[in-house]
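Structure record follows, encoded as structure tokens.
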Amino acid sequence: MTKLRVGIYLRLSNEDKLKNDESESIKNQRKMLMDYIDKNDSLVFKDEYSDENLSGAGTYRPEFERLIGDCEKGLIDVVLCKSQSRFSRDMEIVEKYLNNKFKEWNVRFIGVSDNTDTANNGNKKARQITGLVNEWFLEDVSENIRSAFKAKMNSGEFISPFAPYGYMISSSDNNKLIVDEEASLVVKRIFHLYLKGLGYKEIVKYLNDQNIDSPSLYKYKHGCRLNVVSQRPRELIKWNLNAVKTILNNEVYIGNLVQGKRTTVSYKNHKIVKRDKKDWITVPNTHKAIITNKVFNKVQEEIRTRTRVSSKNTIVHPFSHKVYCGLCNKSMRKKNSSKHQYLVCENPNCRNRHSIRYDVLEELILGNVNELCERYCDKYFITKEVNRQLNGQNKKHSKDITHLKEQYERKLSATLKCLKDVYYDRTTGLINEDQFQMLLNEYNKDIDDIKKYLNHLNDELNLNGEKEIVLDNILPFNKLTRVIVQEFIQKIIVGELIQDSRKIFIKWNL
Ligand SMILES: [Zn+2]
């Protein structure tokens, strides 16, 4: 007797997640269906299709699609499910497949707990009624889920199955975010690069040049097989403008949860739509921050300023949006000639038409900043304070990196062991030459990646050793940077040139 090939379909629904009902878990569904196959001599297991990582009322179900595809290709004779509602609660889908397509493809559907069986013709009416009940239930439950999710969001519980880059979902509490040390270092770097004056585009280039895994690749490597990602070759998933932009704008990094930015149209129309910002649900201090409020707010301020600059993707010069015309109050714009750079009033009708040389202004401001520092700073106190803060930070940072290093060293020795096993398996003939070569390449690539990353961590650790800052080496500043200007200066007002002299007024940020 030829046995019927069975495809089992497993699904975790939102209501299961809310209820935290273990009996509905994927593991239990699987056990129930495998037991059923074992007890039926006419059935043999062929493949498993499991949609477990999905949220939102019935979002796209990749494994469901694969199951349907295999049925159409004739690879499956029986679709086995816990119940008809596990397969779908949507009347149209039930009608389309259970009552039509499956017949056409000669596929039988069995629902174990509700005794659905398309091989039994008298079952059709029952199936249709079940379908109607399910659909009614879906509509009802959809509203309940929406309000339950909303309540969870309001109380600051994290409800998405995927943590934002830089965080992980706590293994002890599904609704809590904890810091992912490795990725959080990258997040910190992105914020600091932006403050240093780099634009989105330069940051993207920097991250890709440094071979830092993009958030999607990182997610993929750490075991999250998102459909979108796995279809593309791993190497191609690079950092892009959107990824950097999203990170710099996300309040999650200062410890706030912002949820409910998007929603589905209805329980039947799963199109995702954006919500108005006023409807977003923000709960402060739900988890550990990666970025301080001070840095985050500065970055937001910079983003607002820079979006007004047309060339927002290039490196911002130190005086960008800081220099204004003393006559008309309009901004002084940078202008390049073959020899020098200049700043000039952007207003074509202004009388203050004489440009000022960039390097001249720079030197002048630098002198003033240094004079100010010389006059007001208590070097002894500042040195002590700076070193105290710095060493605190360094110690913490070193600890994080050492921790990561240990993790990666363990990973390395595990991979080396796998490699050894592969050689062993080849000599004993357990695997063939093709399999051997494939595994060999795979492991060698992993080993290379890990070693590269370990080197990188070592560099970072060396750079980060105990350091004493000697203020005399820093002050006076020998170059004006964007950070210095941002810190000290609110605006610079350049007056009209009268008889070879002009007034320059500095409004300090003190
Ligand atoms: Zn002007």
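The chains in the structure tokens are called A, B, ... from first to last as shown; in each chain the residues are counted from 1, and the ligands are counted from 1 in the order shown.
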
Expected answer as a list in words: residues within 8 Å of ligand 1, only C-alpha atoms and all ligand atoms: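 Residues satisfying the distance criterion: Tyr324, Cys325, Gly326, Leu327, Cys328, Asn329, Lys330, Ser331, Met332, Cys345, Glu346, Asn347, Pro348, Asn349, Cys350, Arg351, Asn352 and Arg353 of chain A.
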
Output of the above residues as a PDB file, in the first residue's frame, restricted to N, CA and C atoms:
```
ATOM      1  N   TYR A 324      25.251  84.509  10.702  1.00  0.00           N
ATOM      2  CA  TYR A 324      24.164  85.314  10.147  1.00  0.00           C
ATOM      3  C   TYR A 324      24.642  86.710   9.778  1.00  0.00           C
ATOM      4  N   CYS A 325      23.924  87.294   8.841  1.00  0.00           N
ATOM      5  CA  CYS A 325      24.244  88.634   8.380  1.00  0.00           C
ATOM      6  C   CYS A 325      23.785  89.671   9.408  1.00  0.00           C
ATOM      7  N   GLY A 326      24.625  90.618   9.711  1.00  0.00           N
ATOM      8  CA  GLY A 326      24.305  91.635  10.699  1.00  0.00           C
ATOM      9  C   GLY A 326      23.314  92.659  10.199  1.00  0.00           C
ATOM     10  N   LEU A 327      23.129  92.729   8.880  1.00  0.00           N
ATOM     11  CA  LEU A 327      22.207  93.736   8.343  1.00  0.00           C
ATOM     12  C   LEU A 327      20.794  93.184   8.172  1.00  0.00           C
ATOM     13  N   CYS A 328      20.695  92.032   7.544  1.00  0.00           N
ATOM     14  CA  CYS A 328      19.350  91.520   7.223  1.00  0.00           C
ATOM     15  C   CYS A 328      18.976  90.272   8.009  1.00  0.00           C
ATOM     16  N   ASN A 329      19.882  89.794   8.856  1.00  0.00           N
ATOM     17  CA  ASN A 329      19.612  88.610   9.694  1.00  0.00           C
ATOM     18  C   ASN A 329      19.504  87.292   8.938  1.00  0.00           C
ATOM     19  N   LYS A 330      19.725  87.332   7.636  1.00  0.00           N
ATOM     20  CA  LYS A 330      19.659  86.071   6.874  1.00  0.00           C
ATOM     21  C   LYS A 330      20.954  85.283   7.104  1.00  0.00           C
ATOM     22  N   SER A 331      20.875  84.014   6.739  1.00  0.00           N
ATOM     23  CA  SER A 331      22.021  83.145   6.963  1.00  0.00           C
ATOM     24  C   SER A 331      23.166  83.471   5.993  1.00  0.00           C
ATOM     25  N   MET A 332      24.402  83.275   6.454  1.00  0.00           N
ATOM     26  CA  MET A 332      25.555  83.434   5.559  1.00  0.00           C
ATOM     27  C   MET A 332      25.894  82.061   5.002  1.00  0.00           C
ATOM     28  N   CYS A 345      26.333  86.578   2.608  1.00  0.00           N
ATOM     29  CA  CYS A 345      24.902  86.686   2.928  1.00  0.00           C
ATOM     30  C   CYS A 345      24.085  86.114   1.784  1.00  0.00           C
ATOM     31  N   GLU A 346      23.080  85.290   2.159  1.00  0.00           N
ATOM     32  CA  GLU A 346      22.322  84.590   1.106  1.00  0.00           C
ATOM     33  C   GLU A 346      21.292  85.501   0.441  1.00  0.00           C
ATOM     34  N   ASN A 347      21.083  86.654   1.033  1.00  0.00           N
ATOM     35  CA  ASN A 347      20.070  87.577   0.515  1.00  0.00           C
ATOM     36  C   ASN A 347      20.666  88.434  -0.608  1.00  0.00           C
ATOM     37  N   PRO A 348      20.193  88.268  -1.843  1.00  0.00           N
ATOM     38  CA  PRO A 348      20.808  88.976  -2.966  1.00  0.00           C
ATOM     39  C   PRO A 348      20.573  90.485  -2.909  1.00  0.00           C
ATOM     40  N   ASN A 349      19.564  90.912  -2.157  1.00  0.00           N
ATOM     41  CA  ASN A 349      19.272  92.353  -2.100  1.00  0.00           C
ATOM     42  C   ASN A 349      19.952  93.054  -0.937  1.00  0.00           C
ATOM     43  N   CYS A 350      20.759  92.291  -0.194  1.00  0.00           N
ATOM     44  CA  CYS A 350      21.361  92.868   1.005  1.00  0.00           C
ATOM     45  C   CYS A 350      22.579  93.720   0.648  1.00  0.00           C
ATOM     46  N   ARG A 351      22.806  94.754   1.424  1.00  0.00           N
ATOM     47  CA  ARG A 351      23.944  95.645   1.161  1.00  0.00           C
ATOM     48  C   ARG A 351      25.249  94.992   1.631  1.00  0.00           C
ATOM     49  N   ASN A 352      25.116  94.058   2.546  1.00  0.00           N
ATOM     50  CA  ASN A 352      26.293  93.412   3.141  1.00  0.00           C
ATOM     51  C   ASN A 352      26.817  92.342   2.185  1.00  0.00           C
ATOM     52  N   ARG A 353      27.360  92.793   1.033  1.00  0.00           N
ATOM     53  CA  ARG A 353      27.702  91.844  -0.013  1.00  0.00           C
ATOM     54  C   ARG A 353      29.127  91.327   0.065  1.00  0.00           C
TER      55      ARG A 353
END
```

Contacts of region 485-489 of chain A within 6 Å, only C-alpha atoms, excl. fewer than 2 positions in-chain, as a ChimeraX atom specification: /A:482-483,491,508-509

Expected answer as a PyMOL selection string: strand (DSSP E or B) residues in region 38-136 of chain A: chain A and resi 43-51+78-81+108-111+116-117

Residue with smallest distance to Lys339 (chain A) - pool A:Ala243, A:Asp449, A:Lys205, A:Tyr358, counting only C-alpha atoms: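 Checking each candidate against Lys339 (chain A), we get A:Tyr358 as the closest.
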
All residues 12 Å or closer to Glu104 (chain A), only C-alpha atoms, same chain fewer than 6 positions away omitted, as a PyMOL selection string: chain A and resi 71-74+77+96-98
